[in-house]
Amino acid sequence: MGKIIKFPVTPPEKLGARKVRRRKNLEAYGQLNLFDQSKIISFPQKGNYFEEALALDEQGDPRAIEFYLQAVDQNQSRADAFCNLGILMSQREELTKAVDFLTKCLKENPRHFEAHYNLANVYSDKGSYDLAKMHFEIAIEIEPRFPNSHYNLGLVHISLRNYKEAIPCIDKYIELSPEYDHSVANELLKTLTSIAQ
């Protein structure tokens, strides 16, 4: 006889996409970034299609797609442009196009964290849990301190009925995320713990 599992959120919602933003890593050049927590307002330079696409994307302007495609054509931040195009397509529920853009991103940069994370989310949405699991695991290898990867990997394990494997993922999410985000995760953890016994 099967066991009925009641989760606190039916089904638990996965945590959303992560877009590529401007990359400013001053520490890589031996310089402290004194403005890490401040908001940088920049005006895109004419001809920098990726920056223009980002600005439009942040405003929710659909013309961002055109500018990301121009960035790809002009060889400007191609991997990041493909990644953000993939997210925009997934938001439009055009999952096949989303997979296409995200895999093009990975062709440009096989260790592109956001592409692996977002591709895992798309595969999860499509019900391709084994592929989602693989890409979340790669994302965690690249960026182990990003809590959403751990949480969503836990949800994939739940979908695959790997309840014992889901527990450390949710635990890690709780460890890495702000305390105010823990209510659903704590309930989920209680449920998983009772099932796994």
# chains A, B, ... in the order shown; residues from 1 in each chain; ligands from 1

call {"tool": "select_by_dssp", "arguments": {"residues": "range 46-140 of chain A", "states": "helix (DSSP H, G or I)", "output": "PyMOL selection string"}}
result
chain A and resi 49-58+64-73+78-91+95-108+113-126+129-140

call {"tool": "write_last_selection", "arguments": {"atoms": "C-alpha atoms", "output": "short mmCIF file (atom, residue, chain, number, x, y, z; two decimals), in the first residue's frame"}}
result
data_model
loop_
_atom_site.label_atom_id
_atom_site.label_comp_id
_atom_site.auth_asym_id
_atom_site.auth_seq_id
_atom_site.Cartn_x
_atom_site.Cartn_y
_atom_site.Cartn_z
CA TYR A 49 23.94 46.29 -27.02
CA PHE A 50 24.36 44.07 -23.97
CA GLU A 51 24.28 47.02 -21.57
CA GLU A 52 21.29 48.50 -23.40
CA ALA A 53 19.54 45.11 -23.24
CA LEU A 54 20.18 44.90 -19.49
CA ALA A 55 18.75 48.37 -18.94
CA LEU A 56 15.64 47.53 -20.97
CA ASP A 57 15.32 44.12 -19.33
CA GLU A 58 15.44 45.64 -15.84
CA ALA A 64 15.44 43.78 -24.49
CA ILE A 65 15.21 40.65 -26.63
CA GLU A 66 16.22 42.58 -29.76
CA PHE A 67 19.19 44.13 -27.96
CA TYR A 68 20.35 40.79 -26.51
CA LEU A 69 20.24 39.35 -30.03
CA GLN A 70 22.23 42.36 -31.30
CA ALA A 71 24.75 41.78 -28.51
CA VAL A 72 25.17 38.19 -29.69
CA ASP A 73 25.62 39.36 -33.31
CA ARG A 78 27.52 36.47 -25.85
CA ALA A 79 27.22 33.91 -23.05
CA ASP A 80 25.43 36.34 -20.75
CA ALA A 81 23.13 37.51 -23.55
CA PHE A 82 22.19 33.91 -24.40
CA CYS A 83 21.52 33.22 -20.72
CA ASN A 84 19.22 36.20 -20.28
CA LEU A 85 17.44 35.36 -23.53
CA GLY A 86 16.83 31.89 -22.13
CA ILE A 87 15.27 33.37 -19.01
CA LEU A 88 13.06 35.70 -21.04
CA MET A 89 11.88 32.74 -23.15
CA SER A 90 11.13 30.66 -20.04
CA GLN A 91 9.11 33.57 -18.61
CA LEU A 95 10.59 26.35 -22.88
CA THR A 96 12.10 24.85 -26.03
CA LYS A 97 13.55 28.23 -27.00
CA ALA A 98 14.70 28.72 -23.40
CA VAL A 99 16.63 25.44 -23.49
CA ASP A 100 18.11 26.40 -26.85
CA PHE A 101 19.42 29.77 -25.62
CA LEU A 102 20.70 28.37 -22.33
CA THR A 103 22.59 25.56 -24.06
CA LYS A 104 24.07 28.11 -26.48
CA CYS A 105 25.28 29.98 -23.41
CA LEU A 106 26.92 26.80 -22.11
CA LYS A 107 28.57 26.26 -25.49
CA GLU A 108 30.15 29.70 -25.06
CA PHE A 113 26.65 29.36 -13.28
CA GLU A 114 23.45 31.20 -14.18
CA ALA A 115 22.96 29.08 -17.31
CA HIS A 116 23.23 25.82 -15.37
CA TYR A 117 20.92 27.12 -12.63
CA ASN A 118 18.31 28.44 -15.08
CA LEU A 119 18.52 25.40 -17.34
CA ALA A 120 17.85 23.24 -14.29
CA ASN A 121 14.77 25.34 -13.52
CA VAL A 122 13.51 24.97 -17.10
CA TYR A 123 14.05 21.20 -17.05
CA SER A 124 12.25 21.05 -13.71
CA ASP A 125 9.31 22.97 -15.23
CA LYS A 126 9.24 20.48 -18.11
CA TYR A 129 13.90 15.87 -13.26
CA ASP A 130 17.06 13.88 -14.01
CA LEU A 131 18.36 16.68 -16.25
CA ALA A 132 17.27 19.30 -13.70
CA LYS A 133 19.12 17.39 -10.96
CA MET A 134 22.31 17.24 -13.03
CA HIS A 135 22.30 20.98 -13.80
CA PHE A 136 21.51 21.97 -10.19
CA GLU A 137 24.42 19.80 -9.05
CA ILE A 138 26.74 21.49 -11.55
CA ALA A 139 25.49 24.92 -10.44
CA ILE A 140 26.25 23.96 -6.83
#

call {"tool": "closest_residue", "arguments": {"among": "A:His112, A:Gln59, A:Val184, A:Asn152", "to": "Val20 in chain A", "atoms": "only C-alpha atoms"}}
result
A:His112

call {"tool": "atom_distance", "arguments": {"atom1": "CA of Tyr173 in chain A", "atom2": "CA of Asn148 in chain A"}}
result
6.7 Å

call {"tool": "atom_distance", "arguments": {"atom1": "CA of Asn162 in chain A", "atom2": "CA of Pro147 in chain A"}}
result
19.5 Å

call {"tool": "closest_residue", "arguments": {"among": "A:Gln76, A:Tyr151, A:Gly16, A:Ile142", "to": "Ser177 in chain A", "atoms": "only C-alpha atoms"}}
result
A:Tyr151

call {"tool": "atom_distance", "arguments": {"atom1": "CA of Ser194 in chain A", "atom2": "CA of His157 in chain A"}}
result
15.7 Å
